[in-house]
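Next up, data-v8.txt (compact mmCIF, N, CA and C atoms):
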```
# COMPACT_ATOMS: atom_id res chain seq x y z
N MET A 36 -11.73 8.51 0.56
CA MET A 36 -11.69 7.61 -0.56
C MET A 36 -11.64 6.17 -0.04
N HIS A 37 -12.60 5.36 -0.45
CA HIS A 37 -12.69 3.98 0.00
C HIS A 37 -11.79 3.09 -0.88
N LEU A 38 -10.89 2.34 -0.24
CA LEU A 38 -9.97 1.46 -0.94
C LEU A 38 -9.95 0.09 -0.26
N THR A 39 -9.56 -0.92 -1.01
CA THR A 39 -9.30 -2.23 -0.45
C THR A 39 -7.81 -2.48 -0.57
N LEU A 40 -7.17 -2.77 0.55
CA LEU A 40 -5.74 -3.04 0.58
C LEU A 40 -5.53 -4.48 1.02
N GLU A 41 -4.68 -5.19 0.30
CA GLU A 41 -4.40 -6.58 0.64
C GLU A 41 -2.90 -6.77 0.81
N PHE A 42 -2.52 -7.48 1.85
CA PHE A 42 -1.12 -7.75 2.15
C PHE A 42 -0.89 -9.25 2.14
N GLY A 43 0.14 -9.70 1.44
CA GLY A 43 0.41 -11.13 1.35
C GLY A 43 1.90 -11.43 1.37
N GLY A 44 2.21 -12.71 1.34
CA GLY A 44 3.60 -13.14 1.33
C GLY A 44 4.33 -12.86 2.63
N GLY A 45 3.58 -12.69 3.71
CA GLY A 45 4.18 -12.41 5.01
C GLY A 45 3.99 -10.97 5.46
N LEU A 46 3.65 -10.06 4.55
CA LEU A 46 3.47 -8.65 4.92
C LEU A 46 2.28 -8.45 5.85
N GLU A 47 1.33 -9.40 5.81
CA GLU A 47 0.17 -9.27 6.70
C GLU A 47 0.58 -9.33 8.17
N LEU A 48 1.73 -9.92 8.45
CA LEU A 48 2.22 -10.00 9.83
C LEU A 48 2.53 -8.62 10.39
N LEU A 49 2.81 -7.65 9.52
CA LEU A 49 3.10 -6.29 9.96
C LEU A 49 1.82 -5.53 10.30
N CYS A 50 0.67 -6.09 9.91
CA CYS A 50 -0.64 -5.45 10.12
C CYS A 50 -1.52 -6.31 11.02
N ASN A 51 -0.97 -6.77 12.12
CA ASN A 51 -1.72 -7.62 13.06
C ASN A 51 -2.28 -8.88 12.41
N SER A 52 -1.58 -9.41 11.42
CA SER A 52 -1.96 -10.65 10.72
C SER A 52 -3.29 -10.55 9.99
N VAL A 53 -3.70 -9.34 9.62
CA VAL A 53 -4.92 -9.15 8.84
C VAL A 53 -4.52 -8.94 7.38
N LYS A 54 -5.02 -9.81 6.50
CA LYS A 54 -4.64 -9.74 5.08
C LYS A 54 -5.37 -8.64 4.32
N ILE A 55 -6.67 -8.50 4.52
CA ILE A 55 -7.47 -7.58 3.72
C ILE A 55 -8.02 -6.46 4.61
N HIS A 56 -7.83 -5.23 4.15
CA HIS A 56 -8.28 -4.05 4.89
C HIS A 56 -9.16 -3.21 3.97
N HIS A 57 -10.35 -2.88 4.44
CA HIS A 57 -11.23 -1.95 3.73
C HIS A 57 -11.07 -0.63 4.46
N VAL A 58 -10.48 0.35 3.78
CA VAL A 58 -10.10 1.59 4.47
C VAL A 58 -10.71 2.81 3.77
N ASP A 59 -10.80 3.88 4.54
CA ASP A 59 -11.18 5.19 4.01
C ASP A 59 -9.99 6.12 4.23
N VAL A 60 -9.42 6.60 3.14
CA VAL A 60 -8.26 7.47 3.20
C VAL A 60 -8.69 8.88 2.85
N ASP A 61 -8.41 9.82 3.74
CA ASP A 61 -8.74 11.22 3.48
C ASP A 61 -7.66 11.83 2.59
N LEU A 62 -8.11 12.61 1.62
CA LEU A 62 -7.17 13.32 0.75
C LEU A 62 -6.56 14.48 1.52
N LYS A 63 -5.34 14.85 1.13
CA LYS A 63 -4.71 16.01 1.74
C LYS A 63 -5.52 17.25 1.40
N THR A 64 -5.49 18.22 2.29
CA THR A 64 -6.21 19.48 2.06
C THR A 64 -5.75 20.10 0.74
N GLY A 65 -6.72 20.44 -0.09
CA GLY A 65 -6.43 21.05 -1.38
C GLY A 65 -6.11 20.07 -2.49
N GLU A 66 -6.03 18.78 -2.17
CA GLU A 66 -5.73 17.76 -3.17
C GLU A 66 -7.04 17.11 -3.64
N ASP A 67 -7.07 16.74 -4.91
CA ASP A 67 -8.25 16.03 -5.41
C ASP A 67 -7.89 14.63 -5.90
N LYS A 68 -6.61 14.25 -5.76
CA LYS A 68 -6.16 12.93 -6.17
C LYS A 68 -5.29 12.32 -5.08
N LEU A 69 -5.26 11.00 -5.05
CA LEU A 69 -4.42 10.28 -4.10
C LEU A 69 -3.36 9.53 -4.88
N SER A 70 -2.10 9.86 -4.64
CA SER A 70 -1.01 9.16 -5.31
C SER A 70 -0.57 7.96 -4.47
N MET A 71 0.11 7.04 -5.09
CA MET A 71 0.64 5.89 -4.35
C MET A 71 1.64 6.36 -3.29
N ARG A 72 2.37 7.41 -3.57
CA ARG A 72 3.31 7.98 -2.59
C ARG A 72 2.55 8.36 -1.32
N ASP A 73 1.42 9.07 -1.49
CA ASP A 73 0.61 9.47 -0.34
C ASP A 73 -0.02 8.25 0.35
N LEU A 74 -0.45 7.27 -0.44
CA LEU A 74 -1.05 6.08 0.15
C LEU A 74 -0.04 5.31 0.99
N LEU A 75 1.19 5.19 0.52
CA LEU A 75 2.21 4.48 1.29
C LEU A 75 2.47 5.18 2.63
N THR A 76 2.48 6.50 2.61
CA THR A 76 2.65 7.25 3.85
C THR A 76 1.49 6.97 4.79
N TRP A 77 0.27 6.95 4.26
CA TRP A 77 -0.92 6.68 5.07
C TRP A 77 -0.85 5.26 5.66
N ILE A 78 -0.45 4.29 4.84
CA ILE A 78 -0.35 2.91 5.31
C ILE A 78 0.67 2.80 6.43
N LYS A 79 1.83 3.42 6.25
CA LYS A 79 2.88 3.36 7.27
C LYS A 79 2.38 3.95 8.59
N THR A 80 1.61 5.03 8.51
CA THR A 80 1.12 5.71 9.71
C THR A 80 -0.06 4.98 10.35
N ASN A 81 -0.96 4.42 9.54
CA ASN A 81 -2.23 3.92 10.06
C ASN A 81 -2.40 2.40 10.11
N LEU A 82 -1.65 1.65 9.31
CA LEU A 82 -1.87 0.19 9.27
C LEU A 82 -0.70 -0.63 9.80
N ILE A 83 0.51 -0.20 9.49
CA ILE A 83 1.68 -0.98 9.89
C ILE A 83 1.86 -0.85 11.40
N LYS A 84 1.79 -1.97 12.09
CA LYS A 84 1.85 -1.97 13.55
C LYS A 84 3.24 -2.25 14.08
N GLU A 85 4.08 -2.90 13.28
CA GLU A 85 5.44 -3.21 13.74
C GLU A 85 6.37 -3.30 12.54
N ARG A 86 7.63 -3.04 12.78
CA ARG A 86 8.71 -3.14 11.78
C ARG A 86 8.37 -2.51 10.43
N PRO A 87 8.07 -1.22 10.40
CA PRO A 87 7.75 -0.58 9.12
C PRO A 87 8.89 -0.68 8.11
N GLU A 88 10.12 -0.85 8.58
CA GLU A 88 11.26 -0.98 7.67
C GLU A 88 11.19 -2.24 6.82
N MET A 89 10.33 -3.19 7.20
CA MET A 89 10.14 -4.39 6.39
C MET A 89 9.18 -4.14 5.22
N PHE A 90 8.51 -2.99 5.26
CA PHE A 90 7.55 -2.66 4.21
C PHE A 90 8.01 -1.49 3.34
N VAL A 91 8.51 -0.44 3.97
CA VAL A 91 8.92 0.75 3.21
C VAL A 91 10.42 0.99 3.37
N LYS A 92 10.97 1.60 2.33
CA LYS A 92 12.36 2.05 2.35
C LYS A 92 12.35 3.42 1.71
N GLY A 93 12.65 4.45 2.49
CA GLY A 93 12.52 5.82 1.99
C GLY A 93 11.04 6.13 1.81
N ASP A 94 10.67 6.61 0.63
CA ASP A 94 9.25 6.91 0.38
C ASP A 94 8.59 5.87 -0.52
N SER A 95 9.26 4.72 -0.72
CA SER A 95 8.70 3.66 -1.58
C SER A 95 8.66 2.35 -0.80
N VAL A 96 8.16 1.31 -1.45
CA VAL A 96 8.19 -0.01 -0.83
C VAL A 96 9.60 -0.58 -0.94
N ARG A 97 9.90 -1.50 -0.06
CA ARG A 97 11.22 -2.15 -0.11
C ARG A 97 11.36 -2.97 -1.40
N PRO A 98 12.58 -3.13 -1.87
CA PRO A 98 12.80 -4.06 -2.99
C PRO A 98 12.28 -5.44 -2.61
N GLY A 99 11.64 -6.11 -3.53
CA GLY A 99 11.08 -7.43 -3.25
C GLY A 99 9.62 -7.40 -2.88
N VAL A 100 9.01 -6.21 -2.85
CA VAL A 100 7.57 -6.11 -2.60
C VAL A 100 6.89 -5.81 -3.93
N LEU A 101 6.06 -6.73 -4.37
CA LEU A 101 5.29 -6.56 -5.60
C LEU A 101 4.03 -5.77 -5.26
N VAL A 102 3.76 -4.73 -6.05
CA VAL A 102 2.58 -3.89 -5.82
C VAL A 102 1.69 -3.96 -7.06
N LEU A 103 0.42 -4.30 -6.84
CA LEU A 103 -0.55 -4.37 -7.92
C LEU A 103 -1.70 -3.40 -7.62
N ILE A 104 -2.04 -2.60 -8.62
CA ILE A 104 -3.19 -1.70 -8.52
C ILE A 104 -4.24 -2.27 -9.46
N ASN A 105 -5.33 -2.76 -8.91
CA ASN A 105 -6.37 -3.42 -9.72
C ASN A 105 -5.76 -4.50 -10.62
N ASP A 106 -4.91 -5.33 -10.02
CA ASP A 106 -4.26 -6.46 -10.69
C ASP A 106 -3.26 -6.07 -11.76
N CYS A 107 -2.83 -4.81 -11.80
CA CYS A 107 -1.83 -4.34 -12.76
C CYS A 107 -0.58 -3.90 -11.99
N ASP A 108 0.59 -4.33 -12.46
CA ASP A 108 1.85 -3.96 -11.82
C ASP A 108 1.95 -2.45 -11.74
N TRP A 109 2.22 -1.94 -10.55
CA TRP A 109 2.23 -0.49 -10.35
C TRP A 109 3.29 0.21 -11.18
N GLU A 110 4.33 -0.51 -11.59
CA GLU A 110 5.37 0.11 -12.42
C GLU A 110 4.81 0.49 -13.79
N LEU A 111 3.79 -0.22 -14.24
CA LEU A 111 3.13 0.12 -15.51
C LEU A 111 2.17 1.30 -15.34
N CYS A 112 1.81 1.58 -14.09
CA CYS A 112 0.84 2.65 -13.80
C CYS A 112 1.51 3.96 -13.36
N GLY A 113 2.84 3.94 -13.17
CA GLY A 113 3.52 5.15 -12.75
C GLY A 113 4.20 5.06 -11.39
N SER A 114 4.22 3.88 -10.80
CA SER A 114 4.85 3.66 -9.49
C SER A 114 4.35 4.65 -8.44
N LEU A 115 5.25 5.43 -7.84
CA LEU A 115 4.86 6.35 -6.76
C LEU A 115 3.90 7.43 -7.23
N ASP A 116 3.95 7.76 -8.51
CA ASP A 116 3.09 8.82 -9.04
C ASP A 116 1.74 8.31 -9.54
N ALA A 117 1.55 6.99 -9.49
CA ALA A 117 0.26 6.41 -9.93
C ALA A 117 -0.86 6.98 -9.08
N VAL A 118 -1.97 7.29 -9.71
CA VAL A 118 -3.13 7.84 -9.00
C VAL A 118 -4.09 6.71 -8.65
N VAL A 119 -4.47 6.66 -7.39
CA VAL A 119 -5.41 5.66 -6.90
C VAL A 119 -6.80 6.29 -6.89
N GLU A 120 -7.79 5.54 -7.35
CA GLU A 120 -9.14 6.08 -7.44
C GLU A 120 -10.10 5.33 -6.51
N GLU A 121 -11.25 5.93 -6.30
CA GLU A 121 -12.29 5.37 -5.43
C GLU A 121 -12.53 3.90 -5.76
N LYS A 122 -12.58 3.06 -4.71
CA LYS A 122 -12.88 1.63 -4.79
C LYS A 122 -11.78 0.80 -5.47
N ASP A 123 -10.59 1.37 -5.65
CA ASP A 123 -9.48 0.60 -6.20
C ASP A 123 -9.03 -0.45 -5.20
N MET A 124 -8.40 -1.50 -5.72
CA MET A 124 -7.79 -2.53 -4.89
C MET A 124 -6.28 -2.47 -5.10
N VAL A 125 -5.55 -2.35 -4.00
CA VAL A 125 -4.09 -2.31 -4.06
C VAL A 125 -3.57 -3.49 -3.26
N ILE A 126 -2.73 -4.29 -3.91
CA ILE A 126 -2.21 -5.51 -3.30
C ILE A 126 -0.69 -5.38 -3.14
N PHE A 127 -0.21 -5.76 -1.98
CA PHE A 127 1.22 -5.76 -1.68
C PHE A 127 1.62 -7.20 -1.35
N ILE A 128 2.58 -7.75 -2.10
CA ILE A 128 3.02 -9.13 -1.89
C ILE A 128 4.53 -9.15 -1.75
N SER A 129 5.02 -9.71 -0.65
CA SER A 129 6.45 -9.87 -0.50
C SER A 129 6.90 -11.07 -1.32
N THR A 130 7.95 -10.87 -2.11
CA THR A 130 8.48 -11.97 -2.91
C THR A 130 9.73 -12.55 -2.27
N LEU A 131 10.10 -12.02 -1.08
CA LEU A 131 11.31 -12.46 -0.39
C LEU A 131 10.93 -13.47 0.69
N HIS A 132 11.66 -14.54 0.73
CA HIS A 132 11.38 -15.58 1.72
C HIS A 132 12.69 -15.98 2.37
N GLY A 133 12.66 -16.18 3.66
CA GLY A 133 13.86 -16.64 4.37
C GLY A 133 14.15 -18.08 4.05
N GLY A 134 15.34 -18.49 4.37
CA GLY A 134 15.67 -19.87 4.04
C GLY A 134 16.63 -20.49 5.00
```

What does the file become when written as structure tokens?
Amino acid sequence: MHLTLEFGGGLELLCNSVKIHHVDVDLKTGEDKLSMRDLLTWIKTNLIKERPEMFVKGDSVRPGVLVLINDCDWELCGSLDAVVEEKDMVIFISTLHGG
């Protein structure tokens, strides 16, 4: 499944400072849908190069990370259970800033 993933607000630093990633995510064997839960696991394994604890906490994103699926807040789409479809754009933005 081809997706566009964008990281902002400092999260791009966890992915070798690359903001936009065009990726192909393979579905699990026997699955015909990709959930955000599965996508986060894939991102942690394949894209995050350092300090994954700054991006994920448990099986979700850390508090303070805004997630948009096609410009819609993922909480309106079902959060971890939201289904991601071919050519979707998923954006992760950290809203936390040091001071």

Residue neighbourhood Leu82 in chain A, 7 Å, only N, CA and C atoms, exclusion window fewer than 2 positions, as a PyMOL selection string: chain A and resi 49-51+77-80+84-85

Who sits within 8 Å of Glu120 in chain A, only N, CA and C atoms, same chain under 3 positions skipped, as a count of residues only: 9

Exercise: residues within 8 Å of coordinate (3.8, -11.2, 4.5), counting all atoms listed in the file, as a ChimeraX atom specification: /A:42-49,127-130

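Between atom C of Val125 in chain A and atom N of Leu40 in chain A there is a distance of 5.3 Å.
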
Secondary structure check, alpha helix (DSSP H) residues of chain A, as a ChimeraX atom specification: /A:71-81,109-112

Test item, strand (DSSP E or B) assignment across chain A, answer as JSON, numbers by chain: {"A": [37, 38, 39, 40, 41, 42, 43, 55, 56, 57, 58, 59, 69, 70, 91, 92, 95, 96, 100, 101, 102, 103, 104, 107, 108, 118, 119, 124, 125, 126, 127, 128, 129]}

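Straight-line separation from atom C of Asp67 in chain A to atom C of Gly99 in chain A: 28.3 Å.
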
Expected residue set, 8 Å radius at (1.6, -2.0, -7.2), only N, CA and C atoms, as a PyMOL selection string: chain A and resi 100-112+114+125-128
